[in-house]
$ cat query38.cif   # mmCIF, C-alpha atoms
data_work
loop_
_atom_site.label_atom_id
_atom_site.label_comp_id
_atom_site.auth_asym_id
_atom_site.auth_seq_id
_atom_site.Cartn_x
_atom_site.Cartn_y
_atom_site.Cartn_z
CA MET H 46 42.40 13.24 -19.59
CA ALA H 47 43.39 11.45 -16.41
CA LYS H 48 40.57 9.87 -14.48
CA GLU H 49 39.83 11.68 -11.21
CA ARG H 50 40.87 9.61 -8.20
CA LYS H 51 38.03 8.54 -5.93
CA VAL H 52 38.30 9.77 -2.36
CA THR H 53 38.64 6.83 -0.03
CA LEU H 54 36.52 6.17 3.04
CA LYS H 55 39.58 6.70 5.22
CA GLU H 56 40.21 10.11 3.65
CA ARG H 57 36.59 11.16 4.15
CA ARG H 58 36.80 10.18 7.82
CA GLU H 59 39.88 12.38 8.18
CA SER H 60 38.05 15.42 6.77
CA PRO H 61 37.41 18.40 9.09
CA LEU H 62 33.74 18.00 8.16
CA TYR H 63 33.58 14.51 9.64
CA ASN H 64 31.67 14.63 12.94
CA ASN H 65 33.10 12.42 15.68
CA GLY H 66 30.01 12.85 17.83
CA PHE H 67 28.20 9.97 16.12
CA ILE H 68 28.29 6.44 17.53
CA TRP H 69 28.23 3.78 14.85
CA ASN H 70 26.29 1.10 16.69
CA GLY H 71 23.18 0.66 18.80
CA ASN H 72 23.00 -0.30 22.45
CA GLY H 73 21.62 -3.08 24.63
CA LYS H 74 18.11 -2.51 23.27
CA LEU H 75 18.78 -1.09 19.81
CA LEU H 76 20.20 -4.23 18.25
CA ASP H 77 20.92 -4.57 14.56
CA TYR H 78 18.54 -6.96 12.87
CA ASP H 79 17.55 -8.49 9.54
CA ASP H 80 13.92 -8.50 8.41
CA THR H 81 13.24 -11.84 6.75
CA GLU H 82 10.00 -10.60 5.17
CA SER H 83 11.37 -7.48 3.48
CA LEU H 84 14.88 -8.98 3.10
CA LEU H 85 16.25 -5.73 4.48
CA ALA H 86 19.05 -5.36 7.01
CA PHE H 87 18.72 -2.66 9.69
CA ARG H 88 21.81 -1.19 11.35
CA TYR H 89 21.71 1.39 14.14
CA ALA H 90 23.74 4.52 14.77
CA GLN H 91 23.34 7.16 17.49
CA PHE H 92 23.88 10.82 18.20
CA ASN H 93 23.56 11.75 21.88
CA THR H 94 23.96 14.84 23.98
CA ARG H 95 23.98 15.25 27.75
CA ALA H 96 21.29 13.62 29.86
CA ILE H 97 18.99 15.91 31.87
CA ILE H 98 20.92 19.12 31.21
CA ASP H 99 20.07 19.04 27.49
CA CYS H 100 16.40 18.20 28.12
CA PRO H 101 14.84 21.62 28.78
CA PHE H 102 11.25 20.32 28.84
CA ARG H 103 11.89 17.18 30.87
CA SER H 104 9.12 16.20 33.25
CA ALA H 105 9.66 15.56 36.93
CA GLY H 106 8.81 11.91 36.35
CA CYS H 107 11.21 11.28 33.49
CA THR H 108 13.97 13.02 35.43
CA ALA H 109 13.38 10.63 38.34
CA VAL H 110 13.60 7.45 36.26
CA CYS H 111 15.87 8.54 33.39
CA TYR H 112 17.77 5.45 32.20
CA ALA H 113 20.43 7.68 30.62
CA THR H 114 21.68 8.51 34.13
CA LYS H 115 22.11 4.91 35.28
CA GLY H 116 24.23 1.84 34.62
CA ASN H 117 26.87 2.23 31.93
CA HIS H 118 25.63 5.77 31.28
CA VAL H 119 27.39 7.06 34.40
CA PHE H 120 30.87 6.03 33.25
CA PRO H 121 33.17 9.07 32.89
CA SER H 122 34.01 8.08 29.31
CA VAL H 123 30.31 8.03 28.36
CA LYS H 124 29.67 11.41 30.00
CA ALA H 125 32.72 12.86 28.27
CA SER H 126 31.56 11.51 24.91
CA ARG H 127 28.15 13.15 25.28
CA ALA H 128 29.73 16.42 26.32
CA ARG H 129 31.86 16.33 23.15
CA SER H 130 28.77 15.61 21.06
CA TYR H 131 27.05 18.59 22.62
CA GLU H 132 29.99 20.79 21.64
CA GLU H 133 29.85 19.34 18.10
CA SER H 134 26.16 20.22 17.93
CA LYS H 135 26.99 23.89 18.49
CA ARG H 136 29.13 24.04 15.35
CA ALA H 137 27.92 26.60 12.83
CA ASP H 138 28.37 23.96 10.14
CA PHE H 139 26.69 21.17 12.13
CA THR H 140 24.12 20.48 9.38
CA GLU H 141 26.75 20.17 6.67
CA SER H 142 28.96 18.13 8.98
CA ALA H 143 26.16 15.72 9.96
CA VAL H 144 25.15 15.13 6.33
CA PHE H 145 28.76 14.59 5.26
CA THR H 146 29.39 12.18 8.13
CA ILE H 147 26.24 10.14 7.59
CA ARG H 148 26.85 9.86 3.84
CA THR H 149 30.43 8.86 4.55
CA GLU H 150 29.42 6.00 6.86
CA LYS H 151 26.66 4.90 4.47
CA GLN H 152 29.51 3.87 2.14
CA SER H 153 31.06 1.62 4.79
CA GLY H 154 30.60 -2.13 4.88
CA ARG H 155 28.37 -1.91 7.95
CA TYR H 156 25.75 0.33 6.33
CA LYS H 157 26.22 0.11 2.56
CA ASN H 158 23.62 -2.60 1.96
CA ALA H 159 21.45 -1.87 4.98
CA VAL H 160 18.93 0.66 6.20
CA MET H 161 20.87 3.01 8.47
CA ILE H 162 18.66 3.92 11.45
CA ILE H 163 20.01 6.98 13.22
CA ARG H 164 18.61 7.24 16.74
CA ILE H 165 18.90 10.88 17.77
CA HIS H 166 19.08 11.43 21.53
CA GLU H 167 19.10 8.15 23.33
CA SER H 168 20.41 10.69 25.81
CA GLY H 169 19.41 14.34 25.62
CA ASP H 170 16.81 16.19 23.53
CA PHE H 171 16.52 19.20 21.23
CA TYR H 172 17.83 21.86 23.59
CA SER H 173 17.07 24.92 21.42
CA VAL H 174 15.09 25.81 18.32
CA GLN H 175 18.37 26.68 16.58
CA TYR H 176 19.70 23.18 17.24
CA LEU H 177 16.42 21.66 16.03
CA ARG H 178 16.69 23.64 12.80
CA LYS H 179 20.18 22.27 12.19
CA TRP H 180 18.77 18.74 12.31
CA LEU H 181 15.72 19.65 10.22
CA HIS H 182 17.93 20.89 7.38
CA ALA H 183 20.09 17.78 7.69
CA TRP H 184 17.04 15.49 7.41
CA ALA H 185 15.89 17.41 4.34
CA ASP H 186 19.07 16.40 2.52
CA PHE H 187 17.93 12.75 2.45
CA LYS H 188 15.34 10.89 0.39
CA PRO H 189 13.78 7.45 1.05
CA ALA H 190 15.97 5.89 -1.63
CA ASP H 191 19.08 6.83 0.38
CA GLY H 192 18.31 4.12 2.94
CA VAL H 193 18.73 6.45 5.95
CA LEU H 194 16.04 6.72 8.63
CA PHE H 195 16.09 9.25 11.48
CA VAL H 196 14.23 8.27 14.68
CA PHE H 197 13.84 10.30 17.85
CA TYR H 198 11.72 10.76 20.97
CA THR H 199 11.15 14.28 22.21
CA LYS H 200 9.51 16.41 24.87
CA SER H 201 10.75 19.64 23.26
CA PHE H 202 7.32 20.46 21.84
CA PRO H 203 7.61 24.27 22.21
CA PHE H 204 10.64 24.35 19.90
CA PHE H 205 8.80 22.44 17.16
CA LEU H 206 5.85 24.80 17.49
CA MET H 207 8.25 27.76 17.07
CA LEU H 208 9.23 26.59 13.58
CA SER H 209 7.97 28.64 10.64
CA GLU H 210 4.99 27.38 8.64
CA GLU H 211 7.39 26.44 5.84
CA GLU H 212 9.57 24.47 8.25
CA LYS H 213 6.55 22.67 9.72
CA ALA H 214 5.44 21.75 6.19
CA LEU H 215 8.93 20.44 5.47
CA LEU H 216 8.92 18.25 8.58
CA ASN H 217 5.47 16.91 7.71
CA MET H 218 6.78 16.01 4.25
CA LEU H 219 9.72 14.17 5.81
CA LEU H 220 7.36 12.30 8.14
CA MET H 221 5.15 11.41 5.18
CA SER H 222 8.08 10.14 3.12
CA GLY H 223 9.39 7.99 5.98
CA VAL H 224 12.77 9.69 6.24
CA VAL H 225 11.92 10.85 9.78
CA VAL H 226 9.99 9.11 12.58
CA MET H 227 9.02 11.45 15.42
CA ASN H 228 7.84 10.05 18.75
CA LEU H 229 6.21 12.42 21.22
CA SER H 230 6.95 11.52 24.82
CA VAL H 231 4.51 12.15 27.67
CA ASP H 232 4.13 10.57 31.10
CA ASP H 233 2.10 10.64 34.30
CA THR H 234 3.85 13.82 35.45
CA THR H 235 3.58 15.86 32.22
CA THR H 236 2.43 19.34 33.27
CA ALA H 237 -0.78 20.97 32.05
CA GLU H 238 1.23 23.53 30.07
CA GLN H 239 3.30 20.84 28.39
CA TRP H 240 0.17 18.76 27.73
CA LYS H 241 -1.35 21.76 25.92
CA ALA H 242 1.76 21.94 23.74
CA TYR H 243 1.51 18.18 23.13
CA VAL H 244 -2.10 18.52 21.90
CA GLU H 245 -0.97 21.26 19.50
CA MET H 246 1.87 19.00 18.33
CA ARG H 247 -0.62 16.22 17.54
CA ASN H 248 -2.64 18.69 15.45
CA THR H 249 0.44 20.13 13.74
CA PHE H 250 2.23 16.84 13.01
CA PRO H 251 -0.50 14.16 12.66
CA LEU H 252 1.99 11.47 11.62
CA ALA H 253 3.99 11.81 14.84
CA ASN H 254 3.66 8.88 17.24
CA THR H 255 2.88 9.17 20.94
CA TYR H 256 4.72 7.15 23.58
CA ALA H 257 2.97 7.53 26.92
CA VAL H 258 5.08 6.29 29.83
CA THR H 259 3.28 5.05 32.92
CA GLU H 260 3.48 2.59 35.81
CA LYS H 261 0.06 1.06 35.36
CA THR H 262 -1.84 0.24 32.18
CA THR H 263 -5.48 -0.53 31.40
CA ALA H 264 -7.11 -3.04 29.09
CA GLU H 265 -7.74 -0.23 26.58
CA ASP H 266 -4.06 0.72 26.31
CA ASP H 267 -2.01 -0.37 23.33
CA VAL H 268 0.90 -1.51 25.46
CA CYS H 269 4.38 -1.67 23.99
CA ASN H 270 5.80 -4.76 25.69
CA CYS H 271 7.89 -6.33 22.94
CA GLU H 272 10.30 -8.83 24.47
CA ASN H 273 12.89 -8.11 21.80
CA CYS H 274 12.64 -4.35 21.58
CA ALA H 275 14.80 -3.68 18.53
CA LYS H 276 13.15 -6.23 16.26
CA CYS H 277 9.58 -5.08 16.88
CA GLY H 278 9.88 -2.16 14.47
CA ALA H 279 6.95 -0.23 15.94
CA CYS H 280 9.22 2.62 17.00
CA ASN H 281 10.59 2.93 13.47
CA ASN H 282 7.52 2.36 11.33
CA ALA H 283 4.39 3.52 13.17
CA ARG H 284 2.45 6.43 11.66
CA GLY H 285 0.49 8.65 14.00
CA GLY H 286 -0.12 5.87 16.52
CA ARG H 287 -0.13 5.83 20.29
CA LYS H 288 1.74 3.30 22.40
CA VAL H 289 1.80 2.96 26.16
CA VAL H 290 5.15 2.06 27.68
CA VAL H 291 5.55 0.75 31.22
CA ILE H 292 8.41 2.36 33.15
CA HIS H 293 11.58 0.34 32.68
CA SER H 294 15.17 0.44 33.91
CA ALA H 295 14.14 2.23 37.10
CA SER H 296 14.89 1.21 40.68
CA GLU H 297 12.17 1.05 43.32
CA GLU H 298 13.61 4.19 44.93
CA ASP H 299 13.35 6.05 41.62
CA LYS H 300 9.79 4.84 41.19
CA LYS H 301 8.91 6.23 44.61
CA VAL H 302 10.09 9.65 43.46
CA TYR H 303 8.10 9.22 40.26
CA ARG H 304 4.95 8.45 42.24
CA ALA H 305 5.49 11.47 44.49
CA ASN H 306 5.78 13.69 41.42
CA LYS H 307 2.63 12.13 40.00
CA ARG H 308 0.72 12.97 43.17
CA GLU H 309 1.97 16.55 43.01
CA ARG H 310 0.61 16.92 39.48
CA ALA H 311 -2.75 15.48 40.50
#

$ encode --input "query38.cif" --output "structure tokens"
Amino acid sequence: MAKERKVTLKERRESPLYNNGFIWNGNGKLLDYDDTESLLAFRYAQFNTRAIIDCPFRSAGCTAVCYATKGNHVFPSVKASRARSYEESKRADFTESAVFTIRTEKQSGRYKNAVMIIRIHESGDFYSVQYLRKWLHAWADFKPADGVLFVFYTKSFPFFLMLSEEEKALLNMLLMSGVVVMNLSVDDTTTAEQWKAYVEMRNTFPLANTYAVTEKTTAEDDVCNCENCAKCGACNNARGGRKVVVIHSASEEDKKVYRANKRERA
């Protein structure tokens, strides 16, 4: 019997299931790194959608200082790429496509002997519960031994709370196993209604981290001020912790808007 020919990486990338919405690198902050203690290599990938428009629960403050609307993010090619990714995310077979694509790239030289960290939504957020479910079922296809880690920040708390009890249990299992790291994002302008949803999120997903964005910190705050952001690892490895992040990448004019929104909330 003839031995079955192995499908090449090139052929897998040419498959209709391969999702071109992924970006196979990090950015100015998410830099690949090697951990000398664990002897593990960490390599970033991204999946982004559209800034602001795909963030249904954005706060007034984060809208004012959103770094995904500044600098290189405003280039037409970047905006077009995120629009294409959004269209990809609406595919009925998005879950199958995402899993196929990630497993394909895990065979490549860049990721084969490294931990692949997939940052979901450097730009954008979970824009519907249906879209969230597509990702949830994709995450569930992976185990810790696969060397794939999914990391995201979100304000879309209501969608997570709309999941079934079985789906919530599944996400908690993925958080426990370390396949998924969920960071809950709040700031000085988070509304009372959204804060209520955040408190419920903390009770529902105790291993989720909190990243509180602010302009001013106190001595009691656990401030995230790592000079080399990507190599800190707190974003990828924390379990149920709370970090305070000082507003970054915002102009003074943007900060003025942020402060005005803060006053309105008060």

$ resolve_selection --input "query38.cif" --expression "the PyMOL selection byres ((chain H and resi 78) around 9)" --output "ChimeraX atom specification"
/H:76-77,79-80,85-88,275-276

$ resolve_selection --input "query38.cif" --expression "the PyMOL selection byres ((chain H and resi 215) around 12)" --output "JSON, numbers by chain"
{"H": [178, 181, 182, 183, 184, 185, 186, 205, 208, 209, 210, 211, 212, 213, 214, 216, 217, 218, 219, 220, 221, 222, 224, 225, 249, 250]}

$ residues_around --input "query38.cif" --residues "Asn254 (chain H)" --least-positions-apart "3" --cutoff "9 Å" --atoms "all atoms listed in the file" --output "PyMOL selection string"
chain H and resi 226-230+247+251+280+283-288

$ atom_distance --input "query38.cif" --atom1 "CA of Thr263 (chain H)" --atom2 "CA of Ala105 (chain H)"
22.8 Å

$ atom_distance --input "query38.cif" --atom1 "CA of Tyr63 (chain H)" --atom2 "CA of Thr146 (chain H)"
5.0 Å

$ atom_distance --input "query38.cif" --atom1 "CA of Phe92 (chain H)" --atom2 "CA of Ala143 (chain H)"
9.9 Å

$ residues_around --input "query38.cif" --residues "Asp266 (chain H)" --least-positions-apart "6" --cutoff "12 Å" --atoms "only C-alpha atoms" --output "number ranges by chain"
H: 256-259, 286-291

$ closest_residue --input "query38.cif" --among "H:Asp299, H:Glu260, H:Glu167, H:Asp267" --to "Arg95 (chain H)" --atoms "only C-alpha atoms"
H:Glu167

$ resolve_selection --input "query38.cif" --expression "the PyMOL selection byres ((chain H and resi 130) around 10)" --output "PyMOL selection string"
chain H and resi 64-68+92-95+124-129+131-135

$ closest_residue --input "query38.cif" --among "H:Val160, H:Val52, H:Ala305, H:Ala295" --to "Cys111 (chain H)" --atoms "all atoms listed in the file"
H:Ala295

$ closest_residue --input "query38.cif" --among "H:Tyr112, H:Trp240, H:Phe187, H:Phe102" --to "Asp170 (chain H)" --atoms "all atoms listed in the file"
H:Phe102

$ residues_around --input "query38.cif" --residues "Cys100 (chain H)" --least-positions-apart "5" --cutoff "9 Å" --atoms "only C-alpha atoms" --output "PyMOL selection string"
chain H and resi 95+168-172+199-201

$ closest_residue --input "query38.cif" --among "H:Val268, H:Ala253, H:Val123, H:Val302" --to "Thr108 (chain H)" --atoms "all atoms listed in the file"
H:Val302
